[in-house]
Every structure is written in C-alpha cells, then in structure tokens.
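*Asks:* Data: upload_33.cif, mmCIF, C-alpha atoms.
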data_start
#
loop_
_atom_site.label_atom_id
_atom_site.label_comp_id
_atom_site.auth_asym_id
_atom_site.auth_seq_id
_atom_site.Cartn_x
_atom_site.Cartn_y
_atom_site.Cartn_z
CA MET A 130 0.00 0.00 0.00
CA SER A 131 1.18 3.51 -0.66
CA VAL A 132 1.45 6.42 1.76
CA THR A 133 -1.82 7.82 0.41
CA ALA A 134 -3.72 4.57 0.84
CA ARG A 135 -7.18 4.81 2.30
CA LEU A 136 -9.27 2.48 4.41
CA TRP A 137 -12.81 1.66 3.28
CA VAL A 138 -15.39 -0.14 5.42
CA ASP A 139 -18.45 -1.95 4.07
CA ALA A 140 -20.23 -0.85 7.21
CA ASP A 141 -23.82 -2.13 6.95
CA ALA A 142 -23.02 -5.51 8.49
CA CYS A 143 -19.70 -4.69 10.16
CA PRO A 144 -19.78 -5.53 13.88
CA VAL A 145 -19.63 -2.52 16.22
CA VAL A 146 -16.55 -3.89 17.97
CA ILE A 147 -14.73 -4.05 14.62
CA LYS A 148 -15.73 -0.47 13.81
CA GLU A 149 -14.26 0.59 17.17
CA ILE A 150 -10.97 -1.15 16.34
CA ILE A 151 -10.99 0.60 12.95
CA PHE A 152 -11.65 4.00 14.53
CA ARG A 153 -8.72 3.63 16.94
CA ALA A 154 -6.40 2.46 14.16
CA ALA A 155 -7.45 5.26 11.80
CA ILE A 156 -6.71 7.91 14.39
CA ARG A 157 -3.46 6.27 15.56
CA LYS A 158 -2.15 5.76 12.00
CA GLU A 159 -3.74 8.94 10.60
CA ILE A 160 -5.26 7.11 7.65
CA ALA A 161 -8.27 8.43 5.75
CA THR A 162 -11.10 6.05 6.64
CA THR A 163 -14.55 5.97 5.10
CA LEU A 164 -17.46 3.88 6.33
CA VAL A 165 -20.06 3.25 3.64
CA ALA A 166 -23.61 2.18 4.52
CA ASN A 167 -27.20 2.68 3.45
CA GLN A 168 -28.04 4.11 6.86
CA MET A 169 -26.70 6.98 8.94
CA LEU A 170 -23.65 5.98 10.97
CA ARG A 171 -22.20 7.58 14.04
CA VAL A 172 -18.47 8.05 13.77
CA PRO A 173 -16.14 9.75 16.23
CA PRO A 174 -15.17 13.33 15.48
CA SER A 175 -11.86 13.01 13.66
CA PRO A 176 -10.35 14.47 10.52
CA TRP A 177 -9.43 10.88 9.58
CA ILE A 178 -12.88 9.28 9.77
CA ARG A 179 -16.02 9.94 7.78
CA SER A 180 -19.15 8.10 6.81
CA VAL A 181 -21.02 8.07 3.53
CA GLN A 182 -24.68 7.16 3.35
CA VAL A 183 -25.69 5.62 0.04
CA PRO A 184 -29.26 4.97 -1.10
CA SER A 185 -30.89 1.70 -0.07
CA GLY A 186 -30.71 -1.05 -2.62
CA PHE A 187 -28.96 -4.24 -3.53
CA ASP A 188 -25.15 -3.78 -3.53
CA VAL A 189 -25.34 0.04 -3.64
CA ALA A 190 -22.66 0.38 -0.94
CA ASP A 191 -20.51 -2.21 -2.74
CA HIS A 192 -20.75 -0.32 -6.03
CA TYR A 193 -19.82 2.94 -4.29
CA ILE A 194 -16.74 1.36 -2.72
CA VAL A 195 -15.63 -0.22 -6.01
CA GLU A 196 -16.00 3.16 -7.78
CA GLN A 197 -13.94 4.97 -5.13
CA VAL A 198 -11.23 2.45 -4.23
CA ARG A 199 -7.75 2.84 -5.66
CA THR A 200 -4.75 0.57 -5.96
CA GLY A 201 -3.17 0.22 -2.53
CA ASP A 202 -6.35 0.95 -0.55
CA LEU A 203 -7.66 -1.48 2.06
CA VAL A 204 -11.30 -2.59 2.24
CA VAL A 205 -12.91 -4.22 5.28
CA THR A 206 -15.82 -6.40 4.19
CA ALA A 207 -17.49 -9.72 4.86
CA ASP A 208 -18.86 -9.62 1.30
CA ILE A 209 -16.72 -12.02 -0.74
CA PRO A 210 -17.87 -10.77 -4.18
CA LEU A 211 -16.99 -7.21 -3.10
CA ALA A 212 -13.60 -8.42 -1.89
CA ALA A 213 -13.01 -10.06 -5.28
CA ARG A 214 -13.88 -6.85 -7.11
CA VAL A 215 -11.55 -4.65 -5.05
CA ILE A 216 -8.70 -7.16 -5.32
CA GLU A 217 -9.12 -7.12 -9.11
CA GLY A 218 -8.71 -3.34 -8.89
CA GLY A 219 -5.44 -3.57 -6.98
CA ALA A 220 -6.72 -2.98 -3.46
CA SER A 221 -6.48 -5.31 -0.46
CA ALA A 222 -9.43 -6.76 1.43
CA ILE A 223 -9.91 -8.32 4.86
CA ASN A 224 -13.01 -9.59 6.57
CA PRO A 225 -14.08 -8.69 10.13
CA ARG A 226 -12.57 -11.96 11.41
CA GLY A 227 -9.13 -10.94 10.14
CA GLU A 228 -8.93 -13.15 7.04
CA LEU A 229 -6.91 -11.49 4.30
CA TYR A 230 -8.35 -12.04 0.84
CA THR A 231 -5.73 -12.34 -1.88
CA GLN A 232 -5.51 -13.16 -5.57
CA ALA A 233 -4.47 -16.65 -4.44
CA ASN A 234 -7.48 -17.38 -2.21
CA ILE A 235 -10.38 -15.25 -3.42
CA ARG A 236 -11.53 -17.68 -6.13
CA GLU A 237 -11.73 -20.51 -3.59
CA SER A 238 -13.67 -18.25 -1.21
CA LEU A 239 -16.08 -17.33 -4.01
CA SER A 240 -16.55 -20.97 -4.97
CA MET A 241 -17.28 -21.98 -1.37
CA ARG A 242 -19.72 -19.10 -0.99
CA ASP A 243 -21.53 -20.07 -4.18
CA PHE A 244 -21.62 -23.74 -3.14
CA MET A 245 -23.10 -22.90 0.28
CA GLU A 246 -25.63 -20.57 -1.36
CA SER A 247 -26.73 -23.35 -3.73
CA LEU A 248 -27.14 -25.72 -0.77
CA ARG A 249 -29.29 -23.18 1.07
CA SER A 250 -31.41 -22.49 -2.00
CA SER A 251 -32.07 -26.23 -2.36
CA GLY A 252 -33.37 -26.35 1.22
CA VAL A 253 -30.31 -27.68 3.04
CA GLN A 254 -29.87 -26.11 6.47
CA THR A 255 -26.26 -25.00 6.57
CA GLY A 256 -26.31 -22.92 9.75
CA GLY A 257 -24.77 -19.53 10.01
CA PRO A 258 -21.28 -18.38 10.82
CA ALA A 259 -19.86 -19.08 14.26
CA ALA A 260 -20.52 -16.48 16.92
CA PHE A 261 -18.11 -13.56 16.81
CA SER A 262 -15.45 -14.22 19.46
CA GLN A 263 -12.66 -12.44 21.28
CA ALA A 264 -10.23 -14.44 19.13
CA ASP A 265 -11.93 -13.06 16.00
CA ARG A 266 -11.54 -9.50 17.32
CA GLN A 267 -7.88 -10.10 18.09
CA ALA A 268 -7.24 -11.70 14.69
CA PHE A 269 -8.83 -8.71 12.97
CA ALA A 270 -6.88 -6.17 15.04
CA ASN A 271 -3.60 -7.99 14.39
CA GLN A 272 -4.23 -8.29 10.65
CA LEU A 273 -5.29 -4.63 10.41
CA ASP A 274 -2.14 -3.53 12.24
CA ARG A 275 0.06 -5.61 9.91
CA LEU A 276 -1.58 -4.14 6.82
CA LEU A 277 -1.51 -0.56 8.11
CA ALA A 278 2.17 -0.94 9.06
CA ARG A 279 2.93 -1.11 5.34
CA ILE A 280 1.72 2.47 5.06
CA ALA A 281 3.77 3.96 7.92
#
Now, as a test, write the supplied structure out as structure tokens.
*Replies:*
Amino acid sequence: MSVTARLWVDADACPVVIKEIIFRAAIRKEIATTLVANQMLRVPPSPWIRSVQVPSGFDVADHYIVEQVRTGDLVVTADIPLAARVIEGGASAINPRGELYTQANIRESLSMRDFMESLRSSGVQTGGPAAFSQADRQAFANQLDRLLARIA
C-alpha cells in the first residue's frame, strides 16, 4: 500500500466492535477512513474518519466502494464478491474476522460461498457463521495492524 492509501469499510453488516478497532487504528495511524452504509452511521469526530450514506438497494454500498477504491487501498468487508472486485482493482481486502483475501485465495472463497448458497437455496440447512469471538476481534486487530504498518 502507498502512503496515500485509504481504508474503506463496508459498514452495513460490520460488527460494532470491529468499527471501534478501525476508529482507533485510523486515528493512531492517521489514515483516511470511510465507512459506507445505506443508513446513517455515528463516527467519532476526527479528521481521519467519515461516513457516507448511500441509497438503499442491492449492492449500492458495494458499487460505491468499487468506484472509489484505488490501488493500494484497504477494504474491510465480509462480502466475498466485493472483496473479489476490489482485489481485481489492486486494493487489499480483509473480513471482520481478520482473514486477508488475496488473488491466491479469493476464487476458492467465491466458490465456497456459491456452493453454500446453492445448498441453502435447495433447502439444506447450513447454519450460520460461528458467533463472533474475542479471538476473532484479536485476529482482525492484528491483521489490520500488519496491513496498516505497510503504510507507515
């Protein structure tokens, strides 16, 4: 990532605890951070953090992020198709559990997502993701710090 890299957050489904980690990191590292959602978001007063409210609709926030993101930026999202799109554009992507999406693993993640979606649509009960844990928070914070260290 370059010195002018920015941090983007697909904020509609981002856990509050992850947003708090992002806020602290943005202020500490002085990195321009934008949370994108289709609802109003409260963000701390900081020259480094802002929120953008997009209209409601399918993938509107995703489209906004893809239009704005530049090579070297970092996107926080649990949305695997969005992660794939930003990686194609030269940005990095991590999910709220700290998993880094890369050119090497994004296709497998997309395939697994599509497979699970087809199971659910055929009536198979697949269950949801595991409950968000302290280990998930720590993994995210550690991964975010590693990625932001490239900027400093």
*Asks:* From the options A:Pro225, A:Asn167, A:Gln232, A:Ala212, which residue's atoms come nearest to Val145 of chain A, counting only C-alpha atoms?
*Replies:*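 Closest residue, counting only C-alpha atoms: A:Pro225.
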*Asks:* So which residues get picked by the PyMOL selection byres ((chain A and resi 165) around 7) here, written as a PDB file with C-alpha atoms, in the coordinates of the input?
*Replies:*
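Output file result_2.pdb is given in full below:
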ATOM      1  CA  VAL A 138     -15.390  -0.140   5.420  1.00  0.00           C
ATOM      2  CA  ASP A 139     -18.450  -1.950   4.070  1.00  0.00           C
ATOM      3  CA  ALA A 140     -20.230  -0.850   7.210  1.00  0.00           C
ATOM      4  CA  THR A 163     -14.550   5.970   5.100  1.00  0.00           C
ATOM      5  CA  LEU A 164     -17.460   3.880   6.330  1.00  0.00           C
ATOM      6  CA  ALA A 166     -23.610   2.180   4.520  1.00  0.00           C
ATOM      7  CA  SER A 180     -19.150   8.100   6.810  1.00  0.00           C
ATOM      8  CA  VAL A 181     -21.020   8.070   3.530  1.00  0.00           C
ATOM      9  CA  GLN A 182     -24.680   7.160   3.350  1.00  0.00           C
ATOM     10  CA  ALA A 190     -22.660   0.380  -0.940  1.00  0.00           C
TER      11      ALA A 190
END
*Asks:* Out of A:Ile156, A:Ala259, A:Val204, A:Val195, which residue has the shortest atom-to-atom distance to Pro173 of chain A when counting all atoms listed in the file?
*Replies:*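 Ranking A:Ile156, A:Ala259, A:Val204, A:Val195 by distance to Pro173 of chain A, first place goes to A:Ile156.
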*Asks:* As an exercise, work out the distance from atom CA of Glu246 of chain A to atom CA of Leu211 of chain A in Å and give it to one decimal place.
*Replies:* 16.0 Å
*Asks:* Please identify all polymer residues within 10 Å of Leu229 of chain A, counting only C-alpha atoms, omitting same-chain residues fewer than 5 positions from it, and present them as an mmCIF file with C-alpha atoms, in the coordinates of the input.
*Replies:*
data_model
loop_
_atom_site.group_PDB
_atom_site.id
_atom_site.type_symbol
_atom_site.label_atom_id
_atom_site.label_comp_id
_atom_site.auth_asym_id
_atom_site.auth_seq_id
_atom_site.Cartn_x
_atom_site.Cartn_y
_atom_site.Cartn_z
ATOM 1 C CA VAL A 205 -12.910 -4.220 5.280
ATOM 2 C CA ALA A 212 -13.600 -8.420 -1.890
ATOM 3 C CA SER A 221 -6.480 -5.310 -0.460
ATOM 4 C CA ALA A 222 -9.430 -6.760 1.430
ATOM 5 C CA ILE A 223 -9.910 -8.320 4.860
ATOM 6 C CA ASN A 224 -13.010 -9.590 6.570
ATOM 7 C CA ASN A 234 -7.480 -17.380 -2.210
ATOM 8 C CA ILE A 235 -10.380 -15.250 -3.420
ATOM 9 C CA PHE A 269 -8.830 -8.710 12.970
ATOM 10 C CA GLN A 272 -4.230 -8.290 10.650
ATOM 11 C CA LEU A 273 -5.290 -4.630 10.410
ATOM 12 C CA LEU A 276 -1.580 -4.140 6.820
#
*Asks:* Separation of atom CA of Val172 of chain A and atom CA of Glu196 of chain A, in Å?
*Replies:* 22.2 Å
*Asks:* For this structure, which residues satisfy the selection - the PyMOL selection byres ((chain A and resi 154) around 12) - when it is evaluated on the file as given? I want them as a list in words.
*Replies:* Leu136, Ile147, Lys148, Glu149, Ile150, Ile151, Phe152, Arg153, Ala155, Ile156, Arg157, Lys158, Glu159, Ile160, Ala161, Thr162, Ser175, Trp177, Ile178, Phe269, Ala270, Asn271, Gln272, Leu273, Asp274, Arg275, Leu276, Leu277 and Ala278 of chain A
*Asks:* Nearest to Phe261 of chain A: which of A:His192, A:Arg171, A:Arg226, A:Arg199 is it, counting only C-alpha atoms?
*Replies:*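 Answer, going by the shortest atom-to-atom distance: A:Arg226.
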*Asks:* Just need the box for segment 182-198 of chain A, edges along x, y and z, holding every atom the file lists for it with 6 Å tacked onto each side, so centre and edge lengths in Å to one decimal, as AutoDock Vina command-line options.
*Replies:*
--center_x -21.1 --center_y 1.5 --center_z -2.2 --size_x 31.7 --size_y 23.4 --size_z 23.1
*Asks:* Let me make sure I understand: among A:Gly201, A:Thr206, A:Gly252, A:Ala213, which one has the smallest atom-to-atom distance to Arg236 of chain A if we use all atoms listed in the file?
*Replies:*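 For Arg236 of chain A, the nearest of the candidates is A:Ala213.
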*Asks:* Which is closer to Val198 of chain A than all the others in A:Thr133, A:Pro210, A:Val183, A:Val146, using all atoms listed in the file?
*Replies:* A:Thr133
*Asks:* Please indicate the distance in Å from atom CA of Val189 of chain A to atom CA of Asp141 of chain A, rounded to one decimal place.
*Replies:*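 Interatomic distance, atom CA of Val189 of chain A to atom CA of Asp141 of chain A: 10.9 Å.
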